[in-house]
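One structure is given here, and the rest of the page talks about it.
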Amino acid sequence: MPPSRTSAAAQAATFSAISVTFLGTASAQPSSTRNHSSLALAFGGRGDFWLFDCGEATQQRVQKSDIKMGKIRKIFITHTHGDHIFGIAPLMAGCMNGAGGMADGTLDPRTNPPPPEEVIPLEIYGPLGTRAFIRSALRYTHTKLEGRYVVHELRFPRDPQGDYTELPLHRCELPGKNLAQTHEEGVKWGKGVWNDIYVDSQVSVSAAPIEHSVSCVGYVVTESPIPEKMDPSQYLPHIKRNKAPLSYLSRLQRGEDITLADGTLLRGIQKRPGRKIVILGDTHNPAPVTPLAIGADLLIHEATNAYLPGIDLTMSEEDTEEIVQARTRSRGHSTPQMAGRFAHAIGARRLALNHFSARYRGDDDVNKEARTVMTAIKELAEKEFGGEVVCARDFMTLHVTHAR
């Protein structure tokens with residue numbers, strides 16, 4: 001796999017804060033208060049941002065946020081419906097100093113790509129079609145980029161081989177991997193997963209299929225185990241008595257046990273589990289991601305439609321809770337109750353709902369009517385979940401805390 005766009009120094013840094021900023025929380029149609037789907041995961045202390053989905057106008061939302069365009073290191077696409085991917089080519093142009101090029105056969109003096117070995121690529125992950133869509137969008141808009149990018153595709157067993165396009169690589173594109181699923185014995189749902197599609201010293205990413213109307217992926221970002229805080233006074237007297245090097249403190253901090261010359265055993269610092277963030281694409285059944293998602297500190301789950309009698313005045317008089325849920329499921333989506341039940345099933349600590357119908361305004365922080373609607377949606381999920389629920393709105397930032 002090509003090297004990470006994140007530098008080795010940044011990977012070695014400690015991040016005390018992990019946060020999620022919602023750039024777009026709409027479903028199929030954007031509205032004046034909600035943009036198409038996208039969110040950014042930020043790691044405090046190392047300075048890079050990862051995007052999950054990249055709907056139309058995501059670049060503009062990034063510009064209006066605290067996210068630095070030049071610090072976007074990875075993009076993860078859940079599925080290739082337009083409201084989740086239409087914005088990726090413009091965003092890449094923004095990240096990679098893009099410009100309009102010339103027609104084929106015309107000499108362009110700006111076309112002088114740097115050697116691949118000198119540039120760490122922007123990494124993009126997504127299901128079949130992600131690579132072909134990006135290549136086509138850049139090719140037919142004559143978009144020139146600086147730097148390098150690579151697209152790794154998460155392939156289902158039924159997917160064809162190859163790049164799924166006859167277009168050659170873009171001049172800034174490096175060959176990507178086609179990542180096959182692994183099938184673990186005893187997995188209840190009988191579906192494969194993609195384990196450790198990205199790993200560094202601090203964080204790993206795995207993924208699993210989730211059920212939608214097209215191939216769709218749920219991503220699980222897991223922080224590496226974290227050593228507890230060391231109290232040097234518990235170790236220094238023994239180290240000094242044995243005239244052992246002070247470098248033993250670093251080994252103990254890493255969790256190593258050390259036996260001193262006089263037989264004293266110093267126990268290494270124990271590690272606690274890192275934080276886990278589960279980011280799902282559109283789904284009417286996320287059950288296949290369950291083995292990876294257990295114990296999530298934050299679950300981000302769609303809640304496209306809700307049955308809100310007396311609150312949502314746009315609803316049909318014939319609608320019932322059962323009819324709304326059946327209609328929502330038939331379109332590959334979820335209700336707040338479905339999201340709440342899944343959050344309960346995996347033992348999540350916190351649930352964030354997103355991907356709302358255009359009927360549900362995203363200005364509930366200032367609009368009383370919208371607040372009434374979103375409060376009702378939140379309560380539907382809370383009833384099934386029994387834990388903390390947040391209805392996301394554009395530019396909202398959630399901090400992911402450690403479990404106590």
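Chain identifiers are assigned as A, B, and so on, following the order in which chains appear in the structure tokens; residues are numbered from 1 within each chain, and ligands are numbered from 1 in order of appearance.
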Determine, for each residue of segment 276-388 of chain A having at least one atom at most 12 Å from an atom of segment 194-199 of chain A, the closest pair of atoms and their separation in Å to one decimal, counting only C-alpha atoms; order by chain and ascending number, as JSON lines.
{"residue": "A:Pro288", "atom": "CA", "partner": "A:Trp194", "partner_atom": "CA", "distance": 11.4}
{"residue": "A:Val289", "atom": "CA", "partner": "A:Trp194", "partner_atom": "CA", "distance": 10.1}
{"residue": "A:Pro291", "atom": "CA", "partner": "A:Asn195", "partner_atom": "CA", "distance": 11.1}
{"residue": "A:Leu292", "atom": "CA", "partner": "A:Asn195", "partner_atom": "CA", "distance": 8.9}
Subject >> Counting only C-alpha atoms, the option among A:Gln202, A:Thr143, A:Ser65, A:Gln59 closest to Ser224 of chain A >> reply: A:Gln202
Subject >> Close residues, Val389 of chain A itself excluded, 8 Å, only C-alpha atoms, min 6 positions apart in chain, as a PyMOL selection string >> reply: chain A and resi 350-353+378+381-382
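Counting only C-alpha atoms and comparing A:Pro90, A:Pro232, A:Gly44, A:Gly162, the residue that lies closest to Ile18 of chain A is A:Gly44.
With only C-alpha atoms as the atoms that count, the residue of A:Met96, A:Ala244, A:Ala287, A:Ala358 with the shortest distance to Ala28 of chain A is A:Ala358.
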Those of segment 219-300 of chain A in DSSP strand (DSSP E or B), formatted as a CSV table (one decimal) with C-alpha atoms, in the first residue's frame:
chain,number,residue,atom,x,y,z
A,219,TYR,CA,-16.2,2.6,8.7
A,220,VAL,CA,-14.8,2.0,12.2
A,221,VAL,CA,-12.0,4.2,13.4
A,222,THR,CA,-10.2,2.8,16.5
A,223,GLU,CA,-7.6,4.6,18.5
A,226,ILE,CA,-3.4,4.3,25.5
A,227,PRO,CA,-1.0,3.9,28.5
A,258,ILE,CA,11.4,-5.1,33.8
A,259,THR,CA,13.2,-7.3,36.4
A,265,LEU,CA,9.9,-6.8,39.2
A,266,LEU,CA,8.7,-3.5,37.9
A,271,LYS,CA,-3.1,0.4,28.7
A,272,ARG,CA,-6.7,1.3,28.4
A,276,LYS,CA,-13.8,4.0,18.8
A,277,ILE,CA,-15.9,6.0,16.2
A,278,VAL,CA,-18.4,4.2,13.9
A,279,ILE,CA,-19.3,6.2,10.8
A,280,LEU,CA,-22.1,4.6,8.8
A,285,ASN,CA,-29.7,-2.6,8.2
A,298,LEU,CA,-19.6,7.5,19.1
A,299,LEU,CA,-22.0,6.0,16.5
A,300,ILE,CA,-23.0,8.2,13.6
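For segment 132-262 of chain A, backbone-based DSSP labels the following residues as alpha helix (DSSP H): Ala132, Phe133, Ile134, Arg135, Ser136, Ala137, Leu138, Arg139, Tyr140, Leu236, Pro237, His238, Ile239, Lys240, Arg241, Tyr248, Leu249, Ser250, Arg251, Leu252 and Gln253 of chain A.
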Original post:
So, counting only C-alpha atoms, which residue among A:Gly362, A:Gly255, A:Gly268, A:Pro30 is closest to Phe395 of chain A?
Top reply: A:Gly362
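The nearest approach to Gly147 of chain A among the residues A:Gly126, A:Gly94, A:Pro225, A:Gly24, with only C-alpha atoms taken into account, belongs to A:Gly94.
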**OP:** Tell me, in Å to one decimal, how far atom CA of Met69 of chain A is from atom CA of Glu302 of chain A.
**Re:** 25.9 Å
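For the choices A:Arg359, A:Lys383, A:Ala370, A:Thr328, the atom-to-atom distance to Gly340 of chain A is smallest for A:Lys383 when using only C-alpha atoms.
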Original post:
If we count only C-alpha atoms, what is near Ser19 of chain A at a cut-off of 12 Å, once residues fewer than 6 positions away on the same chain are taken out, given as an NGL selection string?
Top reply: :A and (39-45 or 47-51 or 66-67 or 275-277 or 297-298 or 395-402)
Find the residues around Ile124 of chain A up to 6 Å (only C-alpha atoms counted), leave out those fewer than 5 positions away in its own chain, and share them as a PDB file with N, CA and C atoms, in the first residue's frame.
ATOM      1  N   LYS A  74      -6.991  12.135   4.132  1.00  0.00           N
ATOM      2  CA  LYS A  74      -7.695  10.942   3.658  1.00  0.00           C
ATOM      3  C   LYS A  74      -9.162  11.285   3.437  1.00  0.00           C
ATOM      4  N   ILE A  75      -9.756  10.582   2.473  1.00  0.00           N
ATOM      5  CA  ILE A  75     -11.190  10.712   2.198  1.00  0.00           C
ATOM      6  C   ILE A  75     -11.756   9.302   2.110  1.00  0.00           C
ATOM      7  N   PHE A  76     -12.799   9.041   2.882  1.00  0.00           N
ATOM      8  CA  PHE A  76     -13.456   7.744   2.901  1.00  0.00           C
ATOM      9  C   PHE A  76     -14.878   7.910   2.351  1.00  0.00           C
ATOM     10  N   VAL A 151      -6.414   5.847  -5.026  1.00  0.00           N
ATOM     11  CA  VAL A 151      -7.747   5.366  -4.654  1.00  0.00           C
ATOM     12  C   VAL A 151      -7.677   3.875  -4.374  1.00  0.00           C
TER      13      VAL A 151
END
What are the nearest atom pairs, with distances in Å to one decimal, for all residues of segment 209-299 of chain A that come at most 6 Å from segment 330-334 of chain A, using only C-alpha atoms, set out by chain and rising residue number as a tab-separated table?
residue	atom	partner	partner_atom	distance
A:His212	CA	A:Gly332	CA	4.5
A:Ser213	CA	A:Gly332	CA	5.1
A:Thr283	CA	A:His333	CA	4.9
A:His284	CA	A:His333	CA	4.5
Writing out the chosen residues with N, CA and C atoms as a tab-separated table (two decimals), in the first residue's frame:
chain	number	residue	atom	x	y	z
A	212	HIS	N	-27.96	-1.24	1.96
A	212	HIS	CA	-28.58	-0.06	1.38
A	212	HIS	C	-29.10	-0.47	0.01
A	213	SER	N	-29.48	0.46	-0.82
A	213	SER	CA	-29.97	0.13	-2.15
A	213	SER	C	-28.83	-0.10	-3.14
A	283	THR	N	-28.23	3.34	5.24
A	283	THR	CA	-28.50	1.93	5.52
A	283	THR	C	-29.89	1.72	6.09
A	284	HIS	N	-30.47	0.58	5.76
A	284	HIS	CA	-31.69	0.13	6.42
A	284	HIS	C	-31.38	-1.05	7.34
